[in-house]
Amino acid sequence: MTQQQSSPLLEALSCLSVAHGSRNCFTAEISRDWTTQLAVLGGFLNALMLSATQKYLELEFGPGRYPHPIHTFVQFLNMVPAGSVVITCHTLRTSSRQCVVRVELSRNTESQSPTTVAIIAYGDLSKEKGISQDTKPVITTLPNRHTECVPIDDPVVDATPVTRKLHWIAPNANGLWGHRLGGHYREVWLSLRDGSKMSSVFHLAVMTDMPLQPPATHELGFYTRYALSTLCLSVEFKKIPHPDTRWVMTRSHSNKVSNGRYDVNVQILDESGELLALSNHVVYIVPLRPPPKPKTSKM
């Protein structure tokens, strides 16, 4: 019998524990494994808040009542470094189909002011029914991972703990990774280097916020001069990944990059082209401070 590959992401999310005497307050310890240039990846914070909401709903309504996230909106108020955090959940609305929860994440300090606030809707994807229409996309073909793509060898993919977790495979168009379609469209295949599977909605939450978005890949050496700071993001979950999913395609597009702020729309697709999740972000481009000049000794 083959032993199932463990998932470092799911193991990291399992660190959530219920605060003593509470049904809606959780604590967790975030390791540096989930950080980028400046702080914890926003997508990981989203996944952690989704996981806390799931635990909260199971305590409040029992397992299976609202098993799947439908949509999440996340507002980032302050950067979150690795370390202890506290997550609180409050029900805003319940119905036979959905439960909407307000979620706040704060650092485990004396002030405990929220650093991240989310509105999360949970439901049951397996019970959704109603009108369906064929919405065939304009771009129908995915780049062949074996014949049309090569590994991204830019040092940026190994520059942070969270980007080092992934294989990055993309078309190379004139030195701009993933820009097969031109403009500010970008396509990148992602898989986990440890060989674990992307089998959950929590993986989708993390993948929607991975770096190398269109503005960054539109200029050579971008990450040597700038960092990215996400103001807010929203994710709609369309389908739970197949349990054996190892590769996903992230197709992203920016409509306008202006005065240090840009939008990005992200699609997560499986290898068959099935849409798994949609995401929208507002992001600021932050110039990096130049390193201090070495002091010269006086003669």
# chains A, B, ... in the order shown; residues from 1 in each chain; ligands from 1

$ closest_atom_pairs --of "region 199-287 of chain A" --to "region 169-193 of chain A" --cutoff "12 Å" --atoms "only C-alpha atoms" --output "JSON lines"
{"residue": "A:Ser199", "atom": "CA", "partner": "A:Leu192", "partner_atom": "CA", "distance": 11.5}
{"residue": "A:His203", "atom": "CA", "partner": "A:Leu192", "partner_atom": "CA", "distance": 10.2}
{"residue": "A:Leu204", "atom": "CA", "partner": "A:Leu190", "partner_atom": "CA", "distance": 11.2}
{"residue": "A:Val206", "atom": "CA", "partner": "A:Leu190", "partner_atom": "CA", "distance": 11.5}
{"residue": "A:Met207", "atom": "CA", "partner": "A:Leu190", "partner_atom": "CA", "distance": 8.3}
{"residue": "A:Thr208", "atom": "CA", "partner": "A:Leu190", "partner_atom": "CA", "distance": 10.9}
{"residue": "A:Met210", "atom": "CA", "partner": "A:Leu190", "partner_atom": "CA", "distance": 9.7}
{"residue": "A:Pro211", "atom": "CA", "partner": "A:Val188", "partner_atom": "CA", "distance": 10.8}
{"residue": "A:Leu212", "atom": "CA", "partner": "A:Trp177", "partner_atom": "CA", "distance": 8.7}
{"residue": "A:Gln213", "atom": "CA", "partner": "A:Arg186", "partner_atom": "CA", "distance": 7.3}
{"residue": "A:Pro214", "atom": "CA", "partner": "A:His184", "partner_atom": "CA", "distance": 5.4}
{"residue": "A:Pro215", "atom": "CA", "partner": "A:His184", "partner_atom": "CA", "distance": 7.1}
{"residue": "A:Ala216", "atom": "CA", "partner": "A:Leu176", "partner_atom": "CA", "distance": 9.6}
{"residue": "A:Thr217", "atom": "CA", "partner": "A:Leu176", "partner_atom": "CA", "distance": 5.9}
{"residue": "A:His218", "atom": "CA", "partner": "A:Leu176", "partner_atom": "CA", "distance": 6.1}
{"residue": "A:Glu219", "atom": "CA", "partner": "A:Leu176", "partner_atom": "CA", "distance": 7.5}
{"residue": "A:Leu220", "atom": "CA", "partner": "A:Leu176", "partner_atom": "CA", "distance": 7.5}
{"residue": "A:Gly221", "atom": "CA", "partner": "A:Leu176", "partner_atom": "CA", "distance": 10.7}
{"residue": "A:Phe222", "atom": "CA", "partner": "A:Leu176", "partner_atom": "CA", "distance": 11.2}
{"residue": "A:Asp244", "atom": "CA", "partner": "A:Ser191", "partner_atom": "CA", "distance": 11.9}
{"residue": "A:Thr245", "atom": "CA", "partner": "A:Ser191", "partner_atom": "CA", "distance": 9.1}
{"residue": "A:Arg246", "atom": "CA", "partner": "A:Ser191", "partner_atom": "CA", "distance": 5.8}
{"residue": "A:Trp247", "atom": "CA", "partner": "A:Ser191", "partner_atom": "CA", "distance": 4.8}
{"residue": "A:Val248", "atom": "CA", "partner": "A:Leu190", "partner_atom": "CA", "distance": 5.5}
{"residue": "A:Met249", "atom": "CA", "partner": "A:Trp189", "partner_atom": "CA", "distance": 4.5}
{"residue": "A:Thr250", "atom": "CA", "partner": "A:Val188", "partner_atom": "CA", "distance": 5.4}
{"residue": "A:Arg251", "atom": "CA", "partner": "A:Glu187", "partner_atom": "CA", "distance": 4.5}
{"residue": "A:Ser252", "atom": "CA", "partner": "A:Arg186", "partner_atom": "CA", "distance": 5.2}
{"residue": "A:His253", "atom": "CA", "partner": "A:Tyr185", "partner_atom": "CA", "distance": 4.4}
{"residue": "A:Ser254", "atom": "CA", "partner": "A:His184", "partner_atom": "CA", "distance": 5.6}
{"residue": "A:Asn255", "atom": "CA", "partner": "A:His184", "partner_atom": "CA", "distance": 7.4}
{"residue": "A:Lys256", "atom": "CA", "partner": "A:His184", "partner_atom": "CA", "distance": 8.8}
{"residue": "A:Val257", "atom": "CA", "partner": "A:His184", "partner_atom": "CA", "distance": 9.3}
{"residue": "A:Tyr262", "atom": "CA", "partner": "A:His184", "partner_atom": "CA", "distance": 11.1}
{"residue": "A:Asp263", "atom": "CA", "partner": "A:His184", "partner_atom": "CA", "distance": 10.8}
{"residue": "A:Val264", "atom": "CA", "partner": "A:His184", "partner_atom": "CA", "distance": 9.3}
{"residue": "A:Asn265", "atom": "CA", "partner": "A:Tyr185", "partner_atom": "CA", "distance": 9.5}
{"residue": "A:Val266", "atom": "CA", "partner": "A:Arg186", "partner_atom": "CA", "distance": 9.4}
{"residue": "A:Gln267", "atom": "CA", "partner": "A:Glu187", "partner_atom": "CA", "distance": 9.6}
{"residue": "A:Ile268", "atom": "CA", "partner": "A:Trp189", "partner_atom": "CA", "distance": 9.8}
{"residue": "A:Leu269", "atom": "CA", "partner": "A:Trp189", "partner_atom": "CA", "distance": 9.5}
{"residue": "A:Asp270", "atom": "CA", "partner": "A:Trp189", "partner_atom": "CA", "distance": 9.6}
{"residue": "A:Glu271", "atom": "CA", "partner": "A:Trp189", "partner_atom": "CA", "distance": 9.2}
{"residue": "A:Gly273", "atom": "CA", "partner": "A:Trp189", "partner_atom": "CA", "distance": 11.9}

$ residues_around --residues "Cys99 (chain A)" --least-positions-apart "2" --cutoff "10 Å" --atoms "only C-alpha atoms" --output "PyMOL selection string"
chain A and resi 57+65-66+69-70+91-97+101+120-123

$ select_by_dssp --residues "region 60-127 of chain A" --states "helix (DSSP H, G or I)" --output "PyMOL selection string"
chain A and resi 60-61+125-127

$ write_last_selection --atoms "all heavy atoms" --output "PDB file, in the first residue's frame"
ATOM      1  N   GLU A  60     -19.732  25.569  15.271  1.00  0.00           N
ATOM      2  CA  GLU A  60     -21.019  26.246  15.410  1.00  0.00           C
ATOM      3  C   GLU A  60     -22.187  25.428  14.858  1.00  0.00           C
ATOM      4  O   GLU A  60     -23.269  25.394  15.454  1.00  0.00           O
ATOM      5  CB  GLU A  60     -20.969  27.610  14.697  1.00  0.00           C
ATOM      6  CG  GLU A  60     -20.192  28.669  15.432  1.00  0.00           C
ATOM      7  CD  GLU A  60     -20.904  29.142  16.692  1.00  0.00           C
ATOM      8  OE1 GLU A  60     -22.010  29.705  16.581  1.00  0.00           O
ATOM      9  OE2 GLU A  60     -20.360  28.920  17.796  1.00  0.00           O
ATOM     10  N   PHE A  61     -21.979  24.802  13.701  1.00  0.00           N
ATOM     11  CA  PHE A  61     -23.095  24.177  12.988  1.00  0.00           C
ATOM     12  C   PHE A  61     -22.920  22.675  12.755  1.00  0.00           C
ATOM     13  O   PHE A  61     -23.805  22.033  12.196  1.00  0.00           O
ATOM     14  CB  PHE A  61     -23.308  24.879  11.632  1.00  0.00           C
ATOM     15  CG  PHE A  61     -23.531  26.351  11.750  1.00  0.00           C
ATOM     16  CD1 PHE A  61     -22.512  27.252  11.448  1.00  0.00           C
ATOM     17  CD2 PHE A  61     -24.749  26.852  12.176  1.00  0.00           C
ATOM     18  CE1 PHE A  61     -22.714  28.622  11.556  1.00  0.00           C
ATOM     19  CE2 PHE A  61     -24.963  28.222  12.283  1.00  0.00           C
ATOM     20  CZ  PHE A  61     -23.939  29.113  11.978  1.00  0.00           C
ATOM     21  N   LEU A 125     -20.336  23.269  -2.461  1.00  0.00           N
ATOM     22  CA  LEU A 125     -20.192  23.256  -3.920  1.00  0.00           C
ATOM     23  C   LEU A 125     -20.913  22.067  -4.551  1.00  0.00           C
ATOM     24  O   LEU A 125     -21.400  22.155  -5.682  1.00  0.00           O
ATOM     25  CB  LEU A 125     -18.706  23.229  -4.294  1.00  0.00           C
ATOM     26  CG  LEU A 125     -17.906  24.513  -4.022  1.00  0.00           C
ATOM     27  CD1 LEU A 125     -16.421  24.268  -4.276  1.00  0.00           C
ATOM     28  CD2 LEU A 125     -18.395  25.651  -4.886  1.00  0.00           C
ATOM     29  N   SER A 126     -20.994  20.954  -3.834  1.00  0.00           N
ATOM     30  CA  SER A 126     -21.606  19.756  -4.410  1.00  0.00           C
ATOM     31  C   SER A 126     -23.126  19.872  -4.530  1.00  0.00           C
ATOM     32  O   SER A 126     -23.758  19.101  -5.253  1.00  0.00           O
ATOM     33  CB  SER A 126     -21.263  18.529  -3.561  1.00  0.00           C
ATOM     34  OG  SER A 126     -21.874  18.606  -2.283  1.00  0.00           O
ATOM     35  N   LYS A 127     -23.732  20.848  -3.847  1.00  0.00           N
ATOM     36  CA  LYS A 127     -25.180  20.985  -3.865  1.00  0.00           C
ATOM     37  C   LYS A 127     -25.656  22.182  -4.689  1.00  0.00           C
ATOM     38  O   LYS A 127     -26.854  22.467  -4.729  1.00  0.00           O
ATOM     39  CB  LYS A 127     -25.716  21.106  -2.434  1.00  0.00           C
ATOM     40  CG  LYS A 127     -25.535  19.839  -1.615  1.00  0.00           C
ATOM     41  CD  LYS A 127     -26.105  19.999  -0.212  1.00  0.00           C
ATOM     42  CE  LYS A 127     -25.935  18.721   0.596  1.00  0.00           C
ATOM     43  NZ  LYS A 127     -26.469  18.873   1.977  1.00  0.00           N
TER      44      LYS A 127
END

$ atom_distance --atom1 "CA of Tyr226 (chain A)" --atom2 "CA of Gln75 (chain A)"
21.6 Å

$ select_by_dssp --residues "region 6-242 of chain A" --states "strand (DSSP E or B)" --output "compact mmCIF listing (two decimals) with N, CA, C and O atoms, in the first residue's frame"
# COMPACT_ATOMS: atom_id res chain seq x y z
N SER A 17 -5.23 26.29 16.60
CA SER A 17 -5.83 25.69 17.80
C SER A 17 -6.86 26.64 18.37
O SER A 17 -6.73 27.87 18.26
N VAL A 18 -7.90 26.09 18.97
CA VAL A 18 -8.96 26.90 19.56
C VAL A 18 -8.47 27.51 20.86
O VAL A 18 -7.90 26.81 21.70
N CYS A 25 -12.37 31.87 18.48
CA CYS A 25 -11.03 32.47 18.51
C CYS A 25 -9.98 31.37 18.38
O CYS A 25 -10.04 30.35 19.09
N PHE A 26 -9.02 31.60 17.49
CA PHE A 26 -8.00 30.58 17.18
C PHE A 26 -6.62 31.23 17.23
O PHE A 26 -6.46 32.41 16.93
N THR A 27 -5.63 30.44 17.56
CA THR A 27 -4.24 30.90 17.54
C THR A 27 -3.43 30.02 16.60
O THR A 27 -3.77 28.86 16.36
N ALA A 28 -2.38 30.60 16.05
CA ALA A 28 -1.51 29.86 15.13
C ALA A 28 -0.12 30.46 15.15
O ALA A 28 0.06 31.63 15.50
N GLU A 29 0.84 29.64 14.77
CA GLU A 29 2.23 30.07 14.66
C GLU A 29 2.64 29.96 13.19
O GLU A 29 2.62 28.86 12.62
N ILE A 30 2.99 31.09 12.57
CA ILE A 30 3.37 31.10 11.16
C ILE A 30 4.89 31.08 11.06
O ILE A 30 5.57 31.95 11.62
N THR A 35 6.97 33.28 3.92
CA THR A 35 7.22 34.70 3.74
C THR A 35 7.77 35.02 2.36
O THR A 35 8.33 34.16 1.68
N VAL A 40 4.69 37.80 5.55
CA VAL A 40 3.99 36.57 5.19
C VAL A 40 3.18 36.80 3.92
O VAL A 40 2.54 37.85 3.75
N HIS A 68 -17.52 24.04 2.07
CA HIS A 68 -16.60 24.60 1.06
C HIS A 68 -16.65 26.13 1.03
O HIS A 68 -17.74 26.71 1.11
N PRO A 69 -15.51 26.78 0.87
CA PRO A 69 -15.54 28.22 0.65
C PRO A 69 -16.04 28.52 -0.76
O PRO A 69 -15.68 27.84 -1.72
N ILE A 70 -16.89 29.54 -0.85
CA ILE A 70 -17.40 30.00 -2.15
C ILE A 70 -16.65 31.25 -2.60
O ILE A 70 -16.25 31.37 -3.76
N HIS A 71 -16.47 32.17 -1.67
CA HIS A 71 -15.83 33.44 -2.01
C HIS A 71 -15.19 34.02 -0.77
O HIS A 71 -15.67 33.84 0.35
N THR A 72 -14.08 34.74 -0.97
CA THR A 72 -13.44 35.44 0.12
C THR A 72 -12.94 36.79 -0.37
O THR A 72 -12.42 36.90 -1.49
N PHE A 73 -13.15 37.81 0.44
CA PHE A 73 -12.56 39.14 0.20
C PHE A 73 -11.65 39.45 1.37
O PHE A 73 -12.06 39.35 2.54
N VAL A 74 -10.41 39.83 1.06
CA VAL A 74 -9.41 40.06 2.11
C VAL A 74 -8.84 41.47 1.97
O VAL A 74 -8.38 41.85 0.89
N GLN A 75 -8.88 42.22 3.05
CA GLN A 75 -8.28 43.56 3.10
C GLN A 75 -7.06 43.50 4.01
O GLN A 75 -7.16 43.12 5.18
N PHE A 76 -5.90 43.87 3.46
CA PHE A 76 -4.67 43.85 4.23
C PHE A 76 -4.44 45.25 4.81
O PHE A 76 -4.34 46.23 4.07
N GLY A 83 5.41 34.51 12.92
CA GLY A 83 5.24 34.52 14.36
C GLY A 83 3.82 34.16 14.75
O GLY A 83 3.06 33.60 13.95
N SER A 84 3.43 34.47 15.97
CA SER A 84 2.12 34.10 16.50
C SER A 84 1.04 35.06 16.01
O SER A 84 1.25 36.28 15.97
N VAL A 85 -0.12 34.51 15.67
CA VAL A 85 -1.27 35.31 15.26
C VAL A 85 -2.52 34.79 15.97
O VAL A 85 -2.57 33.64 16.42
N VAL A 86 -3.52 35.67 16.04
CA VAL A 86 -4.82 35.33 16.61
C VAL A 86 -5.87 35.60 15.55
O VAL A 86 -5.84 36.65 14.89
N ILE A 87 -6.81 34.67 15.36
CA ILE A 87 -7.88 34.81 14.36
C ILE A 87 -9.22 34.68 15.06
O ILE A 87 -9.46 33.73 15.81
N THR A 88 -10.10 35.67 14.84
CA THR A 88 -11.45 35.62 15.42
C THR A 88 -12.48 35.61 14.31
O THR A 88 -12.30 36.24 13.26
N CYS A 89 -13.57 34.88 14.52
CA CYS A 89 -14.63 34.72 13.53
C CYS A 89 -15.98 35.14 14.13
O CYS A 89 -16.27 34.82 15.29
N HIS A 90 -16.79 35.85 13.32
CA HIS A 90 -18.13 36.26 13.74
C HIS A 90 -19.09 36.05 12.57
O HIS A 90 -18.84 36.54 11.47
N THR A 91 -20.18 35.34 12.82
CA THR A 91 -21.17 35.09 11.78
C THR A 91 -21.93 36.36 11.44
O THR A 91 -22.43 37.06 12.34
N LEU A 92 -22.02 36.68 10.15
CA LEU A 92 -22.78 37.83 9.69
C LEU A 92 -24.16 37.43 9.17
O LEU A 92 -25.13 38.17 9.32
N ARG A 93 -24.24 36.25 8.53
CA ARG A 93 -25.52 35.82 7.95
C ARG A 93 -25.47 34.33 7.70
O ARG A 93 -24.44 33.79 7.29
N THR A 94 -26.58 33.66 7.94
CA THR A 94 -26.71 32.24 7.60
C THR A 94 -27.97 32.03 6.79
O THR A 94 -28.95 32.76 6.93
N CYS A 99 -23.16 30.58 4.51
CA CYS A 99 -22.89 31.26 5.77
C CYS A 99 -21.79 32.28 5.51
O CYS A 99 -20.75 31.93 4.93
N VAL A 100 -22.03 33.53 5.90
CA VAL A 100 -21.05 34.59 5.68
C VAL A 100 -20.43 34.96 7.02
O VAL A 100 -21.15 35.22 8.00
N VAL A 101 -19.10 35.00 7.04
CA VAL A 101 -18.37 35.18 8.30
C VAL A 101 -17.38 36.34 8.15
O VAL A 101 -16.70 36.45 7.12
N ARG A 102 -17.32 37.18 9.18
CA ARG A 102 -16.28 38.20 9.24
C ARG A 102 -15.11 37.62 10.04
O ARG A 102 -15.31 37.08 11.14
N VAL A 103 -13.92 37.74 9.48
CA VAL A 103 -12.74 37.14 10.09
C VAL A 103 -11.67 38.21 10.27
O VAL A 103 -11.39 38.98 9.34
N GLU A 104 -11.09 38.27 11.44
CA GLU A 104 -10.01 39.22 11.72
C GLU A 104 -8.76 38.46 12.18
O GLU A 104 -8.86 37.56 13.01
N LEU A 105 -7.63 38.85 11.61
CA LEU A 105 -6.35 38.27 12.01
C LEU A 105 -5.50 39.39 12.61
O LEU A 105 -5.40 40.48 12.04
N SER A 106 -4.91 39.11 13.75
CA SER A 106 -4.03 40.08 14.40
C SER A 106 -2.79 39.39 14.91
O SER A 106 -2.77 38.17 15.12
N ARG A 107 -1.75 40.15 15.11
CA ARG A 107 -0.55 39.60 15.72
C ARG A 107 -0.81 39.36 17.20
O ARG A 107 -1.59 40.08 17.83
N PRO A 114 -6.38 44.44 14.47
CA PRO A 114 -6.36 43.56 13.29
C PRO A 114 -5.39 44.06 12.24
O PRO A 114 -5.30 45.25 11.97
N THR A 115 -4.64 43.13 11.67
CA THR A 115 -3.75 43.44 10.56
C THR A 115 -4.39 43.04 9.23
O THR A 115 -4.02 43.55 8.18
N THR A 116 -5.36 42.11 9.30
CA THR A 116 -6.01 41.59 8.10
C THR A 116 -7.47 41.31 8.43
O THR A 116 -7.76 40.73 9.48
N VAL A 117 -8.37 41.75 7.54
CA VAL A 117 -9.80 41.54 7.74
C VAL A 117 -10.37 40.87 6.50
O VAL A 117 -10.02 41.23 5.37
N ALA A 118 -11.24 39.88 6.69
CA ALA A 118 -11.82 39.15 5.56
C ALA A 118 -13.32 38.96 5.76
O ALA A 118 -13.79 38.86 6.89
N ILE A 119 -14.03 38.94 4.64
CA ILE A 119 -15.43 38.51 4.61
C ILE A 119 -15.46 37.23 3.78
O ILE A 119 -15.11 37.25 2.59
N ILE A 120 -15.86 36.13 4.40
CA ILE A 120 -15.75 34.81 3.77
C ILE A 120 -17.13 34.16 3.71
O ILE A 120 -17.84 34.11 4.72
N ALA A 121 -17.49 33.67 2.53
CA ALA A 121 -18.75 32.95 2.35
C ALA A 121 -18.45 31.47 2.17
O ALA A 121 -17.67 31.09 1.27
N TYR A 122 -19.05 30.64 3.00
CA TYR A 122 -18.94 29.19 2.90
C TYR A 122 -20.28 28.61 2.47
O TYR A 122 -21.34 29.16 2.79
N GLY A 123 -20.24 27.51 1.72
CA GLY A 123 -21.45 26.81 1.30
C GLY A 123 -21.13 25.36 1.02
O GLY A 123 -20.25 24.78 1.65
N VAL A 150 9.71 26.34 -20.66
CA VAL A 150 11.00 26.01 -20.03
C VAL A 150 10.97 26.50 -18.58
O VAL A 150 10.18 27.39 -18.24
N PRO A 151 11.79 25.91 -17.71
CA PRO A 151 11.84 26.40 -16.33
C PRO A 151 12.30 27.85 -16.27
O PRO A 151 13.21 28.26 -17.01
N LEU A 166 8.24 26.16 -5.17
CA LEU A 166 7.56 25.82 -6.41
C LEU A 166 8.51 25.57 -7.57
O LEU A 166 9.61 26.13 -7.64
N HIS A 167 8.05 24.72 -8.51
CA HIS A 167 8.60 24.68 -9.86
C HIS A 167 7.84 25.72 -10.68
O HIS A 167 6.61 25.77 -10.64
N TRP A 168 8.58 26.56 -11.43
CA TRP A 168 7.98 27.59 -12.27
C TRP A 168 8.32 27.27 -13.72
O TRP A 168 9.49 27.30 -14.12
N ILE A 169 7.32 26.96 -14.52
CA ILE A 169 7.52 26.59 -15.93
C ILE A 169 6.68 27.54 -16.78
O ILE A 169 5.48 27.69 -16.53
N ALA A 170 7.29 28.16 -17.80
CA ALA A 170 6.55 29.16 -18.57
C ALA A 170 7.13 29.32 -19.97
O ALA A 170 8.31 29.02 -20.20
N ASN A 172 8.88 31.43 -22.80
CA ASN A 172 9.83 32.53 -22.74
C ASN A 172 9.69 33.36 -24.00
O ASN A 172 10.10 32.94 -25.08
N ALA A 173 9.05 34.53 -23.88
CA ALA A 173 8.84 35.40 -25.03
C ALA A 173 9.77 36.60 -24.93
O ALA A 173 9.51 37.54 -24.17
N LEU A 176 10.80 37.66 -21.50
CA LEU A 176 9.73 37.97 -20.57
C LEU A 176 8.97 36.68 -20.26
O LEU A 176 8.26 36.15 -21.11
N TRP A 177 9.11 36.18 -19.04
CA TRP A 177 8.57 34.87 -18.70
C TRP A 177 7.05 34.87 -18.71
O TRP A 177 6.41 35.69 -18.07
N TYR A 185 -0.56 39.99 -20.29
CA TYR A 185 -1.01 38.63 -19.96
C TYR A 185 0.20 37.81 -19.60
O TYR A 185 1.29 37.99 -20.15
N ARG A 186 0.01 36.89 -18.67
CA ARG A 186 1.12 36.02 -18.26
C ARG A 186 0.58 34.63 -17.94
O ARG A 186 -0.50 34.49 -17.35
N GLU A 187 1.32 33.60 -18.37
CA GLU A 187 0.94 32.21 -18.11
C GLU A 187 2.12 31.49 -17.48
O GLU A 187 3.24 31.52 -18.02
N VAL A 188 1.89 30.84 -16.35
CA VAL A 188 2.95 30.09 -15.68
C VAL A 188 2.36 28.80 -15.11
O VAL A 188 1.30 28.83 -14.46
N TRP A 189 3.04 27.69 -15.37
CA TRP A 189 2.70 26.42 -14.74
C TRP A 189 3.40 26.34 -13.39
O TRP A 189 4.58 26.67 -13.28
N LEU A 190 2.67 25.89 -12.36
CA LEU A 190 3.23 25.78 -11.02
C LEU A 190 3.02 24.38 -10.46
O LEU A 190 1.96 23.78 -10.65
N SER A 191 4.02 23.85 -9.78
CA SER A 191 3.89 22.63 -9.00
C SER A 191 4.80 22.75 -7.79
O SER A 191 5.72 23.57 -7.76
N LEU A 192 4.55 21.92 -6.79
CA LEU A 192 5.32 21.98 -5.55
C LEU A 192 6.58 21.14 -5.68
O LEU A 192 6.54 19.99 -6.11
N TYR A 226 12.18 46.71 -6.92
CA TYR A 226 10.85 46.93 -6.35
C TYR A 226 10.40 45.73 -5.51
O TYR A 226 10.83 44.60 -5.73
N ALA A 227 9.48 46.00 -4.59
CA ALA A 227 8.73 44.96 -3.89
C ALA A 227 7.25 45.21 -4.13
O ALA A 227 6.85 46.31 -4.52
N LEU A 228 6.43 44.19 -3.92
CA LEU A 228 4.99 44.30 -4.14
C LEU A 228 4.26 44.23 -2.80
O LEU A 228 4.60 43.43 -1.93
N SER A 229 3.25 45.07 -2.64
CA SER A 229 2.44 45.09 -1.42
C SER A 229 0.97 45.05 -1.83
O SER A 229 0.47 45.99 -2.45
N THR A 230 0.29 43.94 -1.50
CA THR A 230 -1.11 43.77 -1.88
C THR A 230 -2.02 44.55 -0.94
O THR A 230 -1.96 44.37 0.27
N LEU A 231 -2.86 45.41 -1.51
CA LEU A 231 -3.83 46.16 -0.73
C LEU A 231 -5.02 45.28 -0.37
O LEU A 231 -5.45 45.23 0.79
N CYS A 232 -5.56 44.56 -1.35
CA CYS A 232 -6.71 43.68 -1.10
C CYS A 232 -6.78 42.65 -2.21
O CYS A 232 -6.19 42.83 -3.29
N LEU A 233 -7.51 41.58 -1.95
CA LEU A 233 -7.73 40.56 -2.97
C LEU A 233 -9.06 39.86 -2.71
O LEU A 233 -9.58 39.87 -1.59
N SER A 234 -9.60 39.28 -3.76
CA SER A 234 -10.81 38.46 -3.62
C SER A 234 -10.61 37.18 -4.42
O SER A 234 -9.93 37.19 -5.46
N VAL A 235 -11.17 36.09 -3.94
CA VAL A 235 -11.04 34.80 -4.61
C VAL A 235 -12.42 34.15 -4.67
O VAL A 235 -13.13 34.10 -3.66
N GLU A 236 -12.80 33.68 -5.85
CA GLU A 236 -14.00 32.87 -6.00
C GLU A 236 -13.58 31.45 -6.36
O GLU A 236 -12.81 31.25 -7.30
N PHE A 237 -14.07 30.48 -5.61
CA PHE A 237 -13.71 29.09 -5.84
C PHE A 237 -14.77 28.43 -6.73
O PHE A 237 -15.95 28.41 -6.39

$ atom_distance --atom1 "CA of Pro241 (chain A)" --atom2 "CA of Val157 (chain A)"
24.4 Å

$ atom_distance --atom1 "CA of Arg145 (chain A)" --atom2 "CA of Leu275 (chain A)"
17.5 Å

$ closest_residue --among "A:Ser51, A:Gln98, A:Gln37, A:Ser132" --to "Val80 (chain A)" --atoms "only C-alpha atoms"
A:Gln37

$ decode --residues "region 28-70 of chain A" --atoms "C-alpha atoms" --output "mmCIF file, in the first residue's frame"
data_model
loop_
_atom_site.group_PDB
_atom_site.id
_atom_site.type_symbol
_atom_site.label_atom_id
_atom_site.label_comp_id
_atom_site.auth_asym_id
_atom_site.auth_seq_id
_atom_site.Cartn_x
_atom_site.Cartn_y
_atom_site.Cartn_z
ATOM 1 C CA ALA A 28 -1.513 29.858 15.129
ATOM 2 C CA GLU A 29 2.233 30.074 14.661
ATOM 3 C CA ILE A 30 3.370 31.103 11.159
ATOM 4 C CA SER A 31 6.880 30.028 10.162
ATOM 5 C CA ARG A 32 9.233 31.931 7.867
ATOM 6 C CA ASP A 33 8.606 29.242 5.228
ATOM 7 C CA TRP A 34 5.575 31.276 4.098
ATOM 8 C CA THR A 35 7.218 34.702 3.745
ATOM 9 C CA THR A 36 8.111 36.788 0.697
ATOM 10 C CA GLN A 37 10.380 39.823 0.460
ATOM 11 C CA LEU A 38 8.679 41.788 3.201
ATOM 12 C CA ALA A 39 6.246 39.645 5.204
ATOM 13 C CA VAL A 40 3.989 36.567 5.192
ATOM 14 C CA LEU A 41 2.451 35.927 1.767
ATOM 15 C CA GLY A 42 -1.077 37.334 1.590
ATOM 16 C CA GLY A 43 -2.275 34.134 -0.051
ATOM 17 C CA PHE A 44 -1.093 32.122 2.950
ATOM 18 C CA LEU A 45 -2.909 34.486 5.326
ATOM 19 C CA ASN A 46 -6.024 33.976 3.185
ATOM 20 C CA ALA A 47 -5.642 30.188 3.414
ATOM 21 C CA LEU A 48 -5.112 30.394 7.194
ATOM 22 C CA MET A 49 -8.255 32.511 7.638
ATOM 23 C CA LEU A 50 -10.225 30.131 5.412
ATOM 24 C CA SER A 51 -9.053 27.207 7.546
ATOM 25 C CA ALA A 52 -10.011 29.022 10.768
ATOM 26 C CA THR A 53 -13.453 29.782 9.307
ATOM 27 C CA GLN A 54 -13.952 26.117 8.429
ATOM 28 C CA LYS A 55 -13.095 25.076 12.001
ATOM 29 C CA TYR A 56 -15.387 27.759 13.397
ATOM 30 C CA LEU A 57 -18.324 26.637 11.224
ATOM 31 C CA GLU A 58 -17.820 23.020 12.252
ATOM 32 C CA LEU A 59 -17.953 24.052 15.920
ATOM 33 C CA GLU A 60 -21.019 26.246 15.410
ATOM 34 C CA PHE A 61 -23.095 24.177 12.988
ATOM 35 C CA GLY A 62 -21.522 20.726 12.910
ATOM 36 C CA PRO A 63 -19.290 19.069 10.276
ATOM 37 C CA GLY A 64 -20.633 19.101 6.719
ATOM 38 C CA ARG A 65 -23.161 21.949 7.036
ATOM 39 C CA TYR A 66 -21.012 24.476 5.111
ATOM 40 C CA PRO A 67 -18.034 22.426 3.884
ATOM 41 C CA HIS A 68 -16.604 24.600 1.064
ATOM 42 C CA PRO A 69 -15.536 28.221 0.651
ATOM 43 C CA ILE A 70 -17.399 29.998 -2.149
#
